[in-house]
Structures are given as structure tokens and as C-alpha cells.
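Q: Just target.txt, nothing more (compact mmCIF, C-alpha atoms and all ligand atoms):
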# COMPACT_ATOMS: atom_id res chain seq x y z
CA MET A 450 327.03 -90.78 125.23
CA THR A 451 325.35 -93.80 126.84
CA ASP A 452 324.84 -91.81 130.00
CA ASP A 453 323.08 -89.19 128.00
CA VAL A 454 320.44 -91.58 126.82
CA MET A 455 317.38 -92.53 128.73
CA LYS A 456 315.66 -95.89 128.45
CA LYS A 457 312.13 -96.40 127.34
CA GLU A 458 309.58 -96.50 130.10
CA ASP A 459 306.46 -98.62 129.99
CA ASP A 460 303.86 -95.98 129.32
CA SER A 461 305.97 -93.36 127.59
CA ILE A 462 307.34 -92.73 124.17
CA GLN A 463 311.13 -92.77 124.26
CA TYR A 464 313.03 -89.72 123.18
CA PHE A 465 316.80 -89.88 122.89
CA LEU A 466 317.62 -86.75 124.77
CA PRO A 467 320.39 -85.64 127.12
CA LYS A 468 319.59 -86.44 130.77
CA THR A 469 319.57 -82.78 131.50
CA SER A 470 316.91 -82.17 128.92
CA ARG A 471 314.76 -85.24 129.35
CA ILE A 472 311.15 -85.02 128.44
CA SER A 473 308.64 -87.75 128.71
CA ILE A 474 305.52 -87.62 126.63
CA SER A 475 302.93 -90.15 127.50
CA SER A 476 301.45 -91.91 124.50
CA SER A 477 298.15 -92.56 126.12
CA SER A 478 297.31 -90.63 129.22
CA SER A 479 299.00 -87.20 129.12
CA SER A 480 296.79 -84.33 128.15
CA GLY A 481 297.57 -82.20 125.12
CA ASN A 482 298.04 -79.19 127.39
CA GLY A 483 300.70 -81.06 129.40
CA ARG A 484 302.59 -82.07 126.28
CA ARG A 485 302.48 -78.61 124.87
CA ARG A 486 303.73 -77.09 128.12
CA ARG A 487 306.63 -79.53 128.49
CA PHE A 488 307.63 -79.07 124.86
CA ALA A 489 307.54 -75.29 125.21
CA GLU A 490 309.60 -75.42 128.42
CA TRP A 491 312.19 -77.71 126.88
CA LEU A 492 312.93 -75.80 123.68
CA PRO A 493 314.42 -72.53 125.03
CA TRP A 494 316.19 -74.36 127.84
CA LYS A 495 317.97 -76.73 125.45
CA LEU A 496 318.82 -73.99 123.02
CA PHE A 497 320.74 -72.08 125.69
CA GLN A 498 322.24 -75.00 127.63
CA ASP A 499 323.81 -76.71 124.65
CA GLN A 500 325.14 -73.58 123.08
CA MET A 501 326.60 -72.30 126.35
CA ASN A 502 328.46 -75.62 126.88
CA PRO A 503 331.88 -75.37 125.13
CA ASP A 504 331.93 -79.18 124.57
CA LYS A 505 328.62 -79.07 122.75
CA ALA A 506 328.86 -75.77 120.96
CA ASN A 507 328.77 -77.60 117.68
CA HIS A 508 326.13 -76.10 115.50
CA GLY A 509 326.05 -78.97 112.97
CA TRP A 510 325.53 -81.51 115.75
CA PHE A 511 322.99 -79.32 117.46
CA ILE A 512 320.95 -78.65 114.34
CA GLY A 513 320.94 -82.37 113.41
CA ARG A 514 319.89 -83.39 116.87
CA TYR A 515 317.36 -80.63 117.13
CA ALA A 516 315.83 -81.65 113.81
CA ARG A 517 315.71 -85.33 114.83
CA GLU A 518 313.99 -84.51 118.09
CA CYS A 519 311.54 -82.30 116.30
CA LEU A 520 310.75 -85.19 113.99
CA HIS A 521 310.02 -87.31 117.04
CA ILE A 522 307.63 -84.75 118.38
CA LEU A 523 305.93 -83.91 115.06
CA PRO A 524 303.62 -86.95 114.98
CA ASN A 525 302.28 -85.82 118.35
CA LEU A 526 301.60 -82.25 117.30
CA PRO A 527 298.02 -82.82 116.17
CA THR A 528 297.18 -83.93 119.71
CA CYS A 529 299.47 -81.31 121.29
CA ILE A 530 297.84 -78.39 119.52
CA LYS A 531 294.41 -77.93 120.98
CA TRP A 532 291.82 -75.21 120.77
CA PRO A 533 292.75 -72.92 123.66
CA PHE A 534 289.21 -73.04 125.09
CA HIS A 535 287.10 -75.75 126.53
CA GLN A 536 286.00 -77.96 123.67
CA PRO A 537 282.21 -78.22 123.47
CA SER A 538 281.01 -81.77 123.59
CA VAL A 539 278.17 -83.14 121.51
CA LEU A 540 275.26 -84.97 123.02
CA GLU A 541 272.87 -87.75 122.16
CA TRP A 542 269.16 -87.14 121.63
CA HIS A 543 268.16 -88.33 125.12
CA GLN A 544 270.59 -85.87 126.75
CA VAL A 545 268.84 -82.76 125.44
CA ASP A 546 265.45 -81.24 126.12
CA GLU A 547 262.55 -82.74 124.19
CA SER A 548 261.91 -79.45 122.38
CA LEU A 549 265.39 -79.60 120.84
CA ARG A 550 265.20 -83.15 119.50
CA GLU A 551 264.85 -83.62 115.77
CA PRO A 552 263.24 -86.75 114.31
CA GLY A 553 265.89 -89.17 113.00
CA ILE A 554 268.83 -87.23 114.50
CA TYR A 555 270.47 -89.31 117.22
CA TYR A 556 273.79 -87.68 117.86
CA GLY A 557 275.62 -84.36 117.47
CA TYR A 558 273.42 -82.05 119.56
CA ARG A 559 275.24 -79.14 121.18
CA PRO A 560 274.83 -78.48 124.91
CA GLU A 561 271.74 -76.40 125.64
CA VAL A 562 273.73 -73.60 127.27
CA SER A 563 277.19 -72.72 125.94
CA SER A 564 279.54 -69.76 126.03
CA TRP A 565 280.23 -67.44 123.08
CA MET A 566 283.59 -69.09 122.49
CA GLU A 567 282.09 -72.56 122.59
CA CYS A 568 279.49 -71.50 120.04
CA CYS A 569 282.27 -70.08 117.81
CA HIS A 570 284.24 -73.28 118.18
CA SER A 571 281.20 -75.39 117.38
CA LEU A 572 281.07 -73.72 113.93
CA PHE A 573 284.38 -75.40 113.09
CA THR A 574 283.74 -78.79 114.66
CA ALA A 575 281.32 -81.52 113.70
CA ASN A 576 277.82 -81.22 115.15
CA ASN A 577 274.36 -81.12 113.64
CA GLU A 578 274.34 -77.30 113.35
CA THR A 579 277.73 -76.89 111.63
CA LEU A 580 276.44 -77.21 108.07
CA ASN A 581 273.25 -75.33 108.89
CA PHE A 582 275.48 -72.35 109.68
CA TRP A 583 277.80 -72.57 106.66
CA THR A 584 275.03 -73.29 104.12
CA HIS A 585 273.64 -69.84 104.91
CA PHE A 586 276.84 -67.98 105.78
CA PHE A 587 278.51 -68.44 102.36
CA PRO A 588 275.34 -67.47 100.44
CA THR A 589 275.14 -64.28 102.55
CA VAL A 590 278.66 -63.34 101.45
CA PHE A 591 277.82 -64.20 97.84
CA PHE A 592 274.60 -62.12 97.82
CA ILE A 593 276.46 -59.13 99.31
CA TRP A 594 279.11 -59.41 96.60
CA ARG A 595 276.43 -59.69 93.86
CA THR A 596 274.55 -56.64 95.18
CA VAL A 597 277.70 -54.51 95.28
CA GLN A 598 278.65 -55.69 91.79
CA LEU A 599 275.23 -54.89 90.29
CA ALA A 600 274.89 -51.56 92.12
CA SER A 601 278.31 -50.38 90.94
CA GLN A 602 277.51 -51.53 87.39
CA TRP A 603 274.24 -49.57 87.32
CA ASN A 604 275.94 -46.60 88.95
CA LYS A 605 278.54 -46.50 86.18
CA GLU A 606 275.82 -46.32 83.55
CA ASP A 607 274.97 -42.92 85.07
CA ASP A 608 271.33 -43.32 84.17
CA LEU A 609 269.00 -41.75 86.72
CA HIS A 610 265.95 -43.48 85.36
CA HIS A 611 267.73 -46.82 85.41
CA SER A 612 268.73 -46.27 89.05
CA GLU A 613 265.08 -45.55 89.97
CA TYR A 614 264.00 -48.57 87.96
CA ALA A 615 266.49 -50.68 89.98
CA HIS A 616 265.35 -49.51 93.44
CA SER A 617 263.00 -52.47 93.88
CA PHE A 618 265.73 -54.89 92.91
CA ILE A 619 268.16 -53.42 95.44
CA SER A 620 265.44 -53.56 98.14
CA TYR A 621 264.83 -57.19 97.23
CA MET A 622 268.57 -57.94 97.47
CA MET A 623 268.65 -56.45 100.98
CA THR A 624 265.95 -58.89 102.06
CA ALA A 625 267.78 -61.75 100.27
CA ILE A 626 270.96 -60.90 102.21
CA LEU A 627 269.19 -60.56 105.53
CA TYR A 628 267.41 -63.92 105.65
CA PRO A 629 270.46 -66.23 105.21
CA PHE A 630 272.47 -63.96 107.52
CA MET A 631 269.90 -64.13 110.33
CA SER A 632 269.53 -67.87 109.80
CA ALA A 633 273.31 -68.39 110.04
CA VAL A 634 273.45 -66.33 113.24
CA ALA A 635 270.47 -68.21 114.73
CA HIS A 636 271.94 -71.64 113.93
CA GLY A 637 275.43 -70.65 115.07
CA PHE A 638 274.54 -69.00 118.38
CA SER A 639 271.24 -70.56 119.43
CA ALA A 640 273.13 -72.66 121.99
CA LEU A 641 273.97 -69.56 124.08
CA SER A 642 270.87 -69.88 126.26
CA HIS A 643 267.15 -70.67 126.10
CA ARG A 644 266.35 -66.98 125.78
CA ALA A 645 268.94 -66.45 123.04
CA ARG A 646 267.59 -69.46 121.14
CA ALA A 647 264.05 -68.10 121.21
CA VAL A 648 264.99 -64.52 120.27
CA LEU A 649 267.44 -65.55 117.51
CA PHE A 650 264.83 -67.77 115.88
CA PHE A 651 262.23 -64.99 116.16
CA MET A 652 264.68 -62.87 114.16
CA ASP A 653 265.20 -65.70 111.70
CA TYR A 654 261.43 -66.05 111.10
CA ALA A 655 261.05 -62.28 110.72
CA ALA A 656 263.88 -62.19 108.15
CA ILE A 657 262.24 -64.99 106.10
CA ASN A 658 258.91 -63.16 106.09
CA PHE A 659 260.65 -59.90 105.22
CA TYR A 660 262.24 -61.71 102.27
CA ALA A 661 258.77 -62.85 101.17
CA TYR A 662 257.79 -59.17 100.88
CA GLY A 663 261.03 -58.49 98.99
CA SER A 664 260.00 -61.20 96.51
CA ALA A 665 256.58 -59.57 96.10
CA LEU A 666 258.27 -56.23 95.29
CA LEU A 667 260.47 -58.00 92.75
CA TYR A 668 257.49 -59.66 91.04
CA ARG A 669 255.46 -56.45 90.99
CA SER A 670 258.35 -54.48 89.50
CA TYR A 671 259.69 -56.81 86.82
CA VAL A 672 257.96 -60.19 86.58
CA LEU A 673 254.14 -59.84 86.45
CA PRO A 674 252.33 -60.47 83.14
CA ASP A 675 251.81 -57.31 81.07
CA THR A 676 248.08 -57.18 81.69
CA TRP A 677 248.56 -57.43 85.45
CA MET A 678 251.11 -54.61 85.36
CA GLU A 679 248.54 -52.30 83.78
CA ASN A 680 246.15 -52.72 86.70
CA GLU A 681 247.58 -50.24 89.22
CA THR A 682 244.86 -50.74 91.83
CA GLY A 683 245.28 -54.52 91.62
CA THR A 684 249.06 -54.35 92.05
CA ASN A 685 248.69 -51.98 95.01
CA ILE A 686 246.23 -54.38 96.69
CA TYR A 687 248.63 -57.26 95.95
CA LEU A 688 251.52 -55.46 97.65
CA THR A 689 249.38 -54.32 100.60
CA VAL A 690 248.21 -57.88 101.28
CA CYS A 691 251.84 -59.11 101.02
CA PHE A 692 252.84 -56.45 103.55
CA ILE A 693 250.15 -57.53 106.04
CA LEU A 694 250.82 -61.25 105.46
CA SER A 695 254.52 -60.74 106.13
CA LEU A 696 253.79 -59.30 109.58
CA ALA A 697 251.06 -61.88 110.30
CA SER A 698 253.43 -64.74 109.44
CA THR A 699 256.06 -63.42 111.81
CA ALA A 700 253.44 -63.13 114.56
CA LEU A 701 252.27 -66.71 113.91
CA THR A 702 255.77 -68.26 113.79
CA CYS A 703 256.86 -66.40 116.94
CA THR A 704 253.65 -67.53 118.66
CA SER A 705 254.46 -71.13 117.70
CA ARG A 706 257.80 -70.84 119.51
CA ALA A 707 256.72 -68.70 122.47
CA PHE A 708 253.36 -70.22 123.43
CA VAL A 709 252.92 -73.63 121.80
CA ARG A 710 254.57 -76.63 123.47
CA ASP A 711 253.37 -79.41 121.17
CA VAL A 712 256.12 -80.06 118.61
CA VAL A 713 253.76 -81.22 115.83
CA ALA A 714 251.52 -78.17 116.29
CA GLN A 715 254.60 -75.93 116.20
CA ARG A 716 255.73 -77.45 112.91
CA LEU A 717 252.29 -77.18 111.33
CA MET A 718 251.95 -73.54 112.38
CA ARG A 719 255.34 -72.67 110.92
CA LEU A 720 254.66 -74.58 107.73
CA ALA A 721 251.36 -72.73 107.28
CA ALA A 722 252.97 -69.40 108.19
CA PHE A 723 255.63 -69.80 105.48
CA THR A 724 253.60 -71.60 102.81
CA LEU A 725 250.45 -69.44 102.67
CA PRO A 726 252.31 -66.13 102.08
CA TYR A 727 254.51 -67.93 99.53
CA ILE A 728 251.42 -69.01 97.60
CA TRP A 729 249.88 -65.52 97.72
CA VAL A 730 253.15 -63.83 96.72
CA SER A 731 253.63 -66.31 93.86
CA ILE A 732 250.09 -66.22 92.37
CA PRO A 733 251.05 -63.59 89.74
CA LEU A 734 254.18 -65.61 88.98
CA PHE A 735 252.10 -68.77 88.43
CA ALA A 736 249.85 -66.74 86.10
CA ARG A 737 252.88 -65.53 84.18
CA LEU A 738 254.26 -69.07 83.85
CA VAL A 739 250.95 -70.56 82.68
CA ASN A 740 250.55 -67.74 80.21
CA CYS A 741 254.16 -67.96 79.13
CA PHE A 742 254.22 -71.61 78.22
CA ALA A 743 250.88 -71.40 76.40
CA TYR A 744 252.66 -70.22 73.20
CA ASP A 745 249.64 -68.31 71.95
CA GLU A 746 249.58 -64.77 70.61
CA SER A 747 248.91 -63.26 74.02
CA SER A 748 251.83 -65.12 75.59
CA SER A 749 253.71 -63.07 78.18
CA CYS A 750 256.99 -64.54 76.90
CA PRO A 751 257.13 -63.19 73.35
CA THR A 752 260.94 -63.36 73.04
CA PRO A 753 263.52 -66.09 73.73
CA GLU A 754 264.93 -63.96 76.59
CA THR A 755 261.61 -63.64 78.40
CA LEU A 756 261.07 -67.37 77.88
CA ARG A 757 264.50 -68.03 79.40
CA ALA A 758 263.57 -65.82 82.38
CA ALA A 759 260.35 -67.79 82.79
CA LYS A 760 262.38 -71.02 82.88
CA TYR A 761 264.45 -69.58 85.74
CA HIS A 762 261.19 -68.75 87.58
CA LEU A 763 259.88 -72.27 86.96
CA CYS A 764 263.10 -73.77 88.40
CA GLN A 765 262.66 -71.48 91.43
CA VAL A 766 259.14 -72.80 92.03
CA ILE A 767 260.28 -76.44 91.73
CA VAL A 768 263.24 -75.98 94.10
CA ALA A 769 261.09 -74.04 96.60
CA LEU A 770 258.59 -76.93 96.61
CA LEU A 771 261.47 -79.32 97.21
CA ALA A 772 262.58 -77.16 100.17
CA SER A 773 259.07 -77.29 101.69
CA PHE A 774 259.00 -81.06 101.18
CA CYS A 775 262.35 -81.47 103.02
CA TYR A 776 261.12 -79.30 105.90
CA ALA A 777 257.79 -81.09 106.26
CA SER A 778 258.91 -84.69 105.69
CA HIS A 779 262.21 -84.82 107.65
CA LEU A 780 263.64 -86.95 104.87
CA PRO A 781 266.12 -88.60 104.54
CA GLU A 782 266.88 -88.94 108.27
CA ARG A 783 263.39 -90.18 109.08
CA VAL A 784 263.89 -93.39 107.05
CA MET A 785 267.54 -93.87 108.06
CA PRO A 786 267.81 -92.54 111.63
CA GLY A 787 271.33 -91.74 112.77
CA MET A 788 272.79 -91.78 109.25
CA PHE A 789 272.53 -88.04 108.58
CA ASP A 790 273.24 -86.57 112.00
CA TYR A 791 275.92 -84.20 110.70
CA VAL A 792 275.64 -84.04 106.92
CA GLY A 793 272.70 -84.33 104.55
CA HIS A 794 269.78 -84.10 107.00
CA SER A 795 266.58 -82.38 105.94
CA HIS A 796 267.50 -78.98 107.41
CA ASN A 797 270.75 -78.94 105.43
CA LEU A 798 268.75 -79.74 102.30
CA LEU A 799 266.18 -77.07 103.19
CA HIS A 800 268.92 -74.44 103.37
CA ILE A 801 270.55 -75.53 100.12
CA CYS A 802 267.21 -75.67 98.27
CA GLY A 803 266.16 -72.29 99.73
CA VAL A 804 269.33 -70.54 98.60
CA THR A 805 269.20 -72.22 95.17
CA ALA A 806 265.60 -71.02 94.75
CA THR A 807 266.72 -67.48 95.59
CA LEU A 808 269.48 -67.70 92.98
CA PHE A 809 267.00 -68.80 90.28
CA GLN A 810 264.59 -66.06 91.33
CA MET A 811 267.34 -63.43 91.20
CA GLU A 812 268.68 -64.45 87.79
CA GLY A 813 265.19 -64.72 86.29
CA ALA A 814 264.23 -61.28 87.58
CA LEU A 815 267.51 -59.77 86.31
CA LEU A 816 266.76 -61.07 82.83
CA ASP A 817 263.17 -59.77 82.99
CA MET A 818 264.44 -56.47 84.28
CA GLU A 819 266.74 -55.93 81.31
CA VAL A 820 264.54 -57.36 78.58
CA ARG A 821 261.26 -55.76 79.67
CA ARG A 822 262.71 -52.37 80.56
CA PRO A 823 261.77 -50.58 77.29
CA PHE A 824 258.19 -51.86 77.47
CA LEU A 825 257.74 -51.10 81.18
CA THR A 826 259.30 -47.63 81.12
CA GLN A 827 257.72 -46.45 77.86
CA ASN A 828 254.26 -47.51 79.03
CA HIS A 829 254.82 -45.99 82.50
CA LEU A 830 254.31 -49.40 84.13
CA ALA A 831 257.68 -49.53 85.92
CA MET A 832 257.35 -49.11 89.67
CA ILE A 833 259.49 -46.07 90.35
CA ASP A 834 257.44 -44.70 93.24
CA PRO A 835 259.87 -44.69 96.20
CA TYR A 836 256.96 -45.14 98.63
CA TRP A 837 256.65 -48.75 97.52
CA SER A 838 260.18 -49.59 96.37
CA VAL A 839 262.11 -47.93 99.23
CA TRP A 840 259.90 -46.82 102.10
CA SER A 841 257.53 -49.77 102.37
CA PRO A 842 260.43 -52.20 103.07
CA VAL A 843 261.83 -49.80 105.67
CA ILE A 844 258.43 -49.50 107.42
CA LEU A 845 257.96 -53.27 107.24
CA LEU A 846 261.39 -53.88 108.74
CA ALA A 847 260.48 -51.55 111.62
CA GLY A 848 257.26 -53.56 112.12
CA HIS A 849 259.22 -56.82 112.28
CA VAL A 850 261.67 -55.32 114.77
CA LEU A 851 258.75 -54.27 116.99
CA LEU A 852 257.17 -57.73 116.78
CA VAL A 853 260.42 -59.53 117.56
CA GLY A 854 261.07 -57.06 120.40
CA GLY A 855 257.61 -57.75 121.87
CA PHE A 856 257.99 -61.53 121.72
CA GLY A 857 261.57 -61.23 123.00
CA LEU A 858 260.38 -59.24 126.05
CA TYR A 859 257.72 -61.87 126.72
CA ILE A 860 260.40 -64.60 126.68
CA TYR A 861 262.68 -62.53 128.91
CA TRP A 862 259.97 -61.89 131.55
CA ASN A 863 258.53 -65.36 131.33
CA GLU A 864 261.87 -67.00 131.92
CA ALA A 865 262.73 -64.58 134.73
CA ALA A 866 259.39 -65.50 136.38
CA THR A 867 260.16 -69.20 135.96
CA VAL A 868 263.58 -68.80 137.59
CA GLU A 869 261.98 -66.82 140.45
CA CYS A 870 259.38 -69.55 140.91
CA GLN A 871 262.03 -72.24 141.06
CA LYS A 872 264.09 -70.20 143.52
CA ASN A 873 261.14 -69.81 145.87
CA LYS A 874 260.08 -73.47 145.36
CA MET A 875 256.72 -72.33 144.03
CA LYS A 876 254.68 -74.24 141.51
CA CYS A 877 255.61 -72.92 138.10
CA HIS A 878 253.73 -73.10 134.86
ZN ZN A 901 267.54 -73.11 109.23
Would you kindly transcribe this structure into C-alpha cells?
A:
Amino acid sequence: MTDDVMKKEDDSIQYFLPKTSRISISSSSSSGNGRRRRFAEWLPWKLFQDQMNPDKANHGWFIGRYARECLHILPNLPTCIKWPFHQPSVLEWHQVDESLREPGIYYGYRPEVSSWMECCHSLFTANNETLNFWTHFFPTVFFIWRTVQLASQWNKEDDLHHSEYAHSFISYMMTAILYPFMSAVAHGFSALSHRARAVLFFMDYAAINFYAYGSALLYRSYVLPDTWMENETGTNIYLTVCFILSLASTALTCTSRAFVRDVVAQRLMRLAAFTLPYIWVSIPLFARLVNCFAYDESSSCPTPETLRAAKYHLCQVIVALLASFCYASHLPERVMPGMFDYVGHSHNLLHICGVTATLFQMEGALLDMEVRRPFLTQNHLAMIDPYWSVWSPVILLAGHVLLVGGFGLYIYWNEAATVECQKNKMKCH
């Protein structure tokens, strides 16, 4: 038996194995791939050798020994089992291009150019985009589930008028699904290339501005004060301006990424492009809230349910303001640089606040929708015209696709020209 035992070597973990089945697993220098390969080679070999040997064909002995050796190898399994692709590394702020650096974020940047598999892997490993992806991926799944649930519930009621009345809400839900989805895709796969980063964030901006129009449809259909609802021309102008602003905001945000190099100017342009449409879209909502909490006879919240809906809308406004504050201030990482590289930085908070605001908006509008339905339908104030509730979002989406396509082509040609310049050693701009 002594002959069958090998002695411990300096840099190896000792395993009490037969000489014929010796394995040596380095505790410090062997790679996980090497360990895994040796372990895989050893197992079938030992299984057959021992059982073919009449002296060792003792199943009790074999199972005990096999189990003991497995126990030896188990503590090493976490390092043996590796992702079967090259693991993407994370970089410090000075190792990435200036345009990718975030104030107060020191570490955890992904490489500027990665493969598809590396991007997929980066979603499950710690870097400063991991939570940005998941904080919008899970809400996307939730909003899809909620839309299907509500649509099937309204479908069961078999009420044609109710289904027309709900068209605006379903259109709004489509925009609410699209914006976190596009954001998750942009954050997850922006490391593919410079072109991919630009185009994916163009799509992200377009989806946010499309959602702003979805919110306007929602307000027009279920939330506006009664007196505003009665003014058909006014509501049509409101929606038309929202439509134009949505496209203008996408053009401005894409311009900030495609043409502007100054980081502060980029941020200001994006902040303006998202904030100004938000204010315009929300003006009727502000009017409703002011009127609602006035508690006079003309209050637009005459019942406890409408008051509860107004409270949801108020929470939405507060959380949306908080989201804008996080985006503009870069807090908390600005005051404690390096502390929030992976978790809790301002972009994480922006995502969480944004999705929470959407949830408040959705629940408030659902309450309004149910409670105000008799009043809106009996007075012919409900927006059941499919031109606005169905076709205008479709036309707007086509407009956003065209805009993103145009800016995407510019990026494609511009980068191709830059590469050509560099190849020919010409002076490039
Ligand atoms: Zn984001």
C-alpha cells in the first residue's frame, strides 16, 4: 500500500492516489483549465483500471476511495469550473477613453471593444454596467407580464367599448416596455464596438422619447382635469406638440452623441432634451394635481378613488424629479469617488427611480381609467379615435426608426472614413 502512495511535493496539494493514477494539482500556479482537464482524464481511466484489476475489484473499497478523492478535489472545484470563454477584464478609469469615463467611478469599466460572448458574460460578473442592465431587464419582464394580464382581463369582459377605451393604455404600455428593454440592451451590449455603442444609445434615447409620447397619450385619455378633457382642440394641440417634441428630443440627444465632443455640453443637451418634453407632457398633470388638492367644489378629485389616483401621480412626479437629480448631480459617487463603482452609483439610482415613477404613473392611470370611465364615456370625452390611440404611436415609432437609422448611417460612414484616414496616414478629424 505504501508503494501506492505518493509523497507531497513542495508546490502541489497531495492526493493519496495509486501511482498509476497519480494526479498533481498545483495549489497556486496551475490554471483552472489544466486542473479540469487532468481531473476529467483521470476519472474514466481510474474507473476502468480498478474495476478490471481482479485484486481491486472491490466495489466497497472503490466507492469509499472514490468518494474520499472526490472530497479532496471538491474544495478546488470553484477554481476548476471556469466560464468556457475568455473572461472579460475590468479596467480603471485611466485605461478607457475619456468619453467613457464617469465622474466618481474609478474602477469596473469594461473593455471598449468586446465580443458578444464577453458582453453576455459581463452581465453576470461585477462591473459598472451589470446593475444598469438588470435594473431595466427585470422591469421589462414585469411590464410585459402586467400588459398581458390586463389585456386578457379586459378581453374576458367582452366589452367592445371597454376595449376601445383601453387602446391608449395598451399603446402606453408598449412604450413603457420598450424603453427599459432598449436601455438594458444598450447597457449590456454597448461594449461591442464604438459604432454599436453609438447606435444602441441612439435607440435608447429614441425609446425614452417614445415613452414620453406614450405618457402624453395616457394623460390625454384618462388623467386630464374634466375641463381640459372637454376642449378637443386644446387636447389635439397638446398631443401634436408632444409628437413633435418626441422627435425633436431624439434628434437633439443623438446630435449630442454624434457631433458634440465636450462631455459637459453633451450632458446638458441630454438633460434639456429629456426635461423639457417631460415638463410639457406633465403640464396638464400638474394642473390636475393643483386642482385636486385644492378641496374646493370644482376639485377634479371629487371621490376618494380619484384622490388616491392623484396621490399616485404626485409620487410619480416626486420620483421623476429624484431621477433627474441623480442624473444631473452624479451623486453619491461624486462625493465618495470609488465607493459606488459597481453598486449604488447615480445611474443605478436613475434606473430604479425611473422605473418606480413608471409604476406610480401606471397604477394612478389605471385607477383613473376605472373610476372616471362612466363620466368620460357618457360625456363622449373618452379618446376612442384610433388615429390618436393606435396610429399616432405607430407613425411616431417609424419616425424614430428613421432618425436613428440616419444618425446610425452617419456614425457608420464617419468611422469608416476615420479608419481609412488612419490606414493612409492622413490627417483625420
Ligand atoms: Zn441607463
Q: CA of Gln765 in chain A and CA of Trp583 in chain A are how many Å apart?
A: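 Going from CA of Gln765 in chain A over to CA of Trp583 in chain A, I get 21.5 Å.
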Q: Got a sec to check which residues lie within 7 Å of ligand ZN 901 (chain A), using all atoms listed in the file, and send them as an mmCIF file with C-alpha atoms, in the coordinates of the input?
A:
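Here's the written file pocket_36.cif:
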data_model
loop_
_atom_site.group_PDB
_atom_site.id
_atom_site.type_symbol
_atom_site.label_atom_id
_atom_site.label_comp_id
_atom_site.auth_asym_id
_atom_site.auth_seq_id
_atom_site.Cartn_x
_atom_site.Cartn_y
_atom_site.Cartn_z
ATOM 1 C CA ASN A 581 273.250 -75.330 108.890
ATOM 2 C CA SER A 632 269.530 -67.870 109.800
ATOM 3 C CA HIS A 636 271.940 -71.640 113.930
ATOM 4 C CA HIS A 796 267.500 -78.980 107.410
ATOM 5 C CA HIS A 800 268.920 -74.440 103.370
#
Q: Determine, counting all atoms listed in the file, which protein, DNA and RNA residues have an atom within 9 Å of an atom of range 785-789 of chain A; residues of the same chain fewer than 3 positions away are not included. Present the result as a list in words.
A: Pro552, Gly553, Ile554, Tyr555, Tyr556, Asn577, Leu780, Pro781, Glu782, Val792, Gly793, His794 and Ser795 of chain A
Q: Mind pulling up the distance from CA of Thr752 in chain A to CA of Arg737 in chain A?
A: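 Answer for the CA of Arg737 in chain A to CA of Thr752 in chain A separation: 13.9 Å.
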Q: Please write out, as JSON, where the centre of an axis-aligned box around all listed atoms of range 622-635 of chain A lies and how long its edges are, in Å to one decimal, after adding 4 Å on each side.
A:
{"center_x": 269.7, "center_y": -62.4, "center_z": 106.1, "size_x": 15.5, "size_y": 19.9, "size_z": 25.3}
Q: Can you pull out the residues contacting range 844-851 of chain A? Cut-off 10 Å, using all atoms listed in the file, and skip same-chain residues under 2 positions away; I want them as a PyMOL selection string.
A: chain A and resi 624+651-652+654-656+658-659+662+692-693+695-697+699-700+836+839-842+853-857
Q: Report the distance between CA of Ile657 in chain A and CA of Tyr628 in chain A in Å, rounded to one decimal place.
A: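 Taking CA of Ile657 in chain A and CA of Tyr628 in chain A, their separation equals 5.3 Å.
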Q: Considering all atoms listed in the file, state which residue in the set A:Leu770, A:Leu694, A:Leu641, A:Leu549 is at the smallest distance from Ala665 in chain A.
A: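 Ranked by minimum distance to Ala665 in chain A, first place goes to A:Leu694.
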Q: Within 7 Å of Tyr761 in chain A, counting all atoms listed in the file, which residues qualify if same-chain residues fewer than 4 places away don't, as a count of residues only?
A: 6
Q: Which residues are close to Cys750 in chain A, i.e. within 10 Å by all atoms listed in the file, leaving aside same-chain residues fewer than 6 positions away? Reply as number ranges by chain.
A: A: 674-675, 737-738, 740-744, 756-759, 817
Q: May I ask which of the residues A:Tyr660, A:Tyr861, A:Tyr671, A:Tyr621 is the closest one to Leu816 in chain A, counting all atoms listed in the file?
A: A:Tyr671
Q: As a list in words, please: the residues near Glu547 in chain A (cut-off 12 Å, all atoms listed in the file, same-chain neighbours under 5 positions excluded).
A: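 Near Glu547 in chain A, the qualifying residues are Glu541, Trp542, Pro552, Tyr558, Glu561, Arg710, Asp711 and Val712 of chain A.
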Q: Complete range 635-646 of chain A with N, CA and C atoms (output as an mmCIF file, in the frame of the given file).
A:
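Dumped everything to result-v6.cif:
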data_model
loop_
_atom_site.group_PDB
_atom_site.id
_atom_site.type_symbol
_atom_site.label_atom_id
_atom_site.label_comp_id
_atom_site.auth_asym_id
_atom_site.auth_seq_id
_atom_site.Cartn_x
_atom_site.Cartn_y
_atom_site.Cartn_z
ATOM 1 N N ALA A 635 271.351 -67.430 113.840
ATOM 2 C CA ALA A 635 270.470 -68.210 114.730
ATOM 3 C C ALA A 635 271.010 -69.630 114.914
ATOM 4 N N HIS A 636 271.430 -70.269 113.808
ATOM 5 C CA HIS A 636 271.940 -71.640 113.930
ATOM 6 C C HIS A 636 273.273 -71.662 114.668
ATOM 7 N N GLY A 637 274.102 -70.643 114.436
ATOM 8 C CA GLY A 637 275.430 -70.650 115.070
ATOM 9 C C GLY A 637 275.384 -70.370 116.558
ATOM 10 N N PHE A 638 274.478 -69.469 116.994
ATOM 11 C CA PHE A 638 274.540 -69.000 118.380
ATOM 12 C C PHE A 638 273.285 -69.334 119.190
ATOM 13 N N SER A 639 272.468 -70.213 118.684
ATOM 14 C CA SER A 639 271.240 -70.560 119.430
ATOM 15 C C SER A 639 271.561 -71.341 120.703
ATOM 16 N N ALA A 640 272.791 -71.877 120.793
ATOM 17 C CA ALA A 640 273.130 -72.660 121.990
ATOM 18 C C ALA A 640 273.585 -71.766 123.149
ATOM 19 N N LEU A 641 273.525 -70.440 122.986
ATOM 20 C CA LEU A 641 273.970 -69.560 124.080
ATOM 21 C C LEU A 641 273.098 -69.724 125.323
ATOM 22 N N SER A 642 271.798 -69.719 125.136
ATOM 23 C CA SER A 642 270.870 -69.880 126.260
ATOM 24 C C SER A 642 269.473 -70.132 125.688
ATOM 25 N N HIS A 643 268.526 -70.448 126.561
ATOM 26 C CA HIS A 643 267.150 -70.670 126.100
ATOM 27 C C HIS A 643 266.559 -69.376 125.547
ATOM 28 N N ARG A 644 266.857 -68.269 126.239
ATOM 29 C CA ARG A 644 266.350 -66.980 125.780
ATOM 30 C C ARG A 644 266.933 -66.627 124.417
ATOM 31 N N ALA A 645 268.263 -66.795 124.304
ATOM 32 C CA ALA A 645 268.940 -66.450 123.040
ATOM 33 C C ALA A 645 268.368 -67.293 121.907
ATOM 34 N N ARG A 646 268.128 -68.582 122.182
ATOM 35 C CA ARG A 646 267.590 -69.460 121.140
ATOM 36 C C ARG A 646 266.248 -68.922 120.638
#
